[in-house]
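Please read the structure below before turning to the comments.
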Amino acid sequence: MTNFRHEWKHEINPADRILLKSRLQAVMMPDVHGENGYYEIRSLYFDDASDSALRDKIDGINIREKFRIRCYDRNLTMIRLEKKSKINGLCAKESAILTIYDVIRILDGDIEWMKDSNRWLVRQLYERMFYQGLKPKTLVDYRREAYTFDAGNVRVTLDDEIHTGLQATSFADFMTPVVPAEPGAIILEVKWDAFLPEVIRDAVQLTGRHTSSFSKYEACRYYG
């Protein structure tokens with residue numbers, strides 16, 4: 001069963017970040033992954049010839065989905081295929097493990113093997129690629145600082161250094177040129193299950209900041 005979660009997003013400034021970090025470090029635990037809670041993320045997003053995923057986001061469609069391939073800290077031994085769904089403001093993420101060989105075949109257009117995969121999400125991506133023309137579109141790189149809180153299964157992240165590969169799809173090539181997509185942008189994300197504990201709600205409150213619909217994929221697609 002897909003677990004839908006609540007999500008807030010805010011675009012913040014460096015001063016906000018300093019304030020937030022002091023609050024979050026007082027009440028939350030740094031993510032166990034990465035170094036001191038920091039890690040790098042590379043995502044390769046898919047879209048069709050009509051840019052449906054991009055247009056649905058821009059138009060604020062209430063029911064939408066995006067497929068992406070993702071790795072952390074350039075570790076190509078642990079690659080995930082992910083589908084992020086959004087329905088009426090609630091978000092869900094499903095994932096399946098891919099090998100680098102799987103990724104290379106997908107990028108080369110060799111997808112027939114996917115329809116017989118024992119991974120349901122791989123079969124679903126095959127259907128989208130075969131019937132809807134979904135294809136790898138662009139790389140999105142960024143740095144993440146993450147904190148967790150057990151009650152409510154809360155996760156708070158601060159993302160910055162967002163870069164795009166300018167229509168590049170060479171997921172495993174970390175020498176691929178990338179450029180800043182949103183210079184100076186810092187994105188606060190707060191995700192939780194059934195309830196958001198008051199202590200976390202208070203910690204992430206910032207004067208004059210309102211929930212936004214910032215999308216890293218959308219920001220990077222302005223470049224191609």
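All residue names refer to the structure tokens as shown: chains lettered A, B, ... in order, residues numbered from 1 in each chain, ligands numbered from 1 in order.
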Excluding same-chain residues fewer than 6 positions from Asn153 of chain A, what lies within 10 Å of it counting only C-alpha atoms, as a list in words?
->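 Counting only the stated atoms, we get Arg5, Lys191, Trp192, Asp193, Ala194, Phe195, Leu196 and Pro197 of chain A.
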In segment 14-128 of chain A, DSSP helix (DSSP H, G or I) residues written as JSON, numbers by chain = {"A": [14, 15, 16, 17, 18, 19, 20, 21, 22, 23, 24, 25, 26, 27, 52, 53, 54, 55, 56, 57, 58, 59, 100, 101, 102, 103, 104, 105, 106, 107, 112, 113, 114, 115, 116, 120, 121, 122, 123, 124, 125, 126, 127, 128]}
Quick one: residues within 7 Å of segment 139-152 of chain A, only C-alpha atoms counted, chain neighbours fewer than 4 positions away excluded, as a ChimeraX atom specification?
-> /A:28-31,37-45,156-165,167-169,192-197,217,220
Go ahead and compute the interatomic distance for atom CA of Trp8 of chain A and atom CA of Asp51 of chain A, in Å to one decimal.
->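 Answer for the atom CA of Trp8 of chain A to atom CA of Asp51 of chain A separation: 24.7 Å.
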Can you pull out every residue within 9 Å of Thr77 of chain A, counting only C-alpha atoms, but drop anything in the same chain fewer than 3 positions away, and send it as a PyMOL selection string?
-> chain A and resi 71+74+98-100
Mind giving me the straight-line distance from atom CA of Leu188 of chain A to atom CA of Glu7 of chain A in Å, one decimal?
->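 The value is 10.4 Å.
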Long-range neighbours of Ala203 of chain A as a ChimeraX atom specification, 8 Å cut-off, only C-alpha atoms, 5 positions minimum in chain | /A:20,23-24
Include C-alpha atoms and write out the residues we just selected as a PDB file, in the first residue's frame.
ATOM      1  CA  LEU A  20      16.827  26.875  11.323  1.00  0.00           C
ATOM      2  CA  ARG A  23      16.678  25.055  16.092  1.00  0.00           C
ATOM      3  CA  LEU A  24      16.758  21.726  14.273  1.00  0.00           C
TER       4      LEU A  24
END
Contacts of Val122 of chain A within 10 Å, only C-alpha atoms, excl. fewer than 4 positions in-chain, as a ChimeraX atom specification | /A:81-82,95-98,102,111,113-118,126-128
Nearest candidate to Cys91 of chain A (options A:Val190, A:Val199, A:Leu134, A:Leu125; using only C-alpha atoms) |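 Distance minimum relative to Cys91 of chain A lands on A:Val190.
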Point out the residue among A:Glu218, A:Ala172, A:Asn88, A:Pro177 with the least atom-to-atom distance to Arg70 of chain A, counting only C-alpha atoms.
->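 Looking at the shortest contact to Arg70 of chain A, the residue is A:Ala172.
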Restricting to only C-alpha atoms, whichever of A:Ser85, A:Asp48, A:Ser22, A:Ala219 is closest to Pro180 of chain A is A:Ala219
Kindly give the distance, in Å, that separates atom CA of Ser215 of chain A and atom CA of Gly109 of chain A, rounded to a single decimal.
->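 Atom-to-atom, atom CA of Ser215 of chain A and atom CA of Gly109 of chain A are spaced 26.9 Å apart.
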Enumerate, as JSON, numbers by chain, the complete set of residues in segment 8-81 of chain A that a backbone-based DSSP assignment places in strand (DSSP E).
-> {"A": [8, 9, 10, 11, 12, 29, 30, 38, 39, 40, 41, 42, 43, 44, 45, 46, 47, 63, 64, 65, 66, 67, 68, 69, 70, 71, 72, 79, 80, 81]}
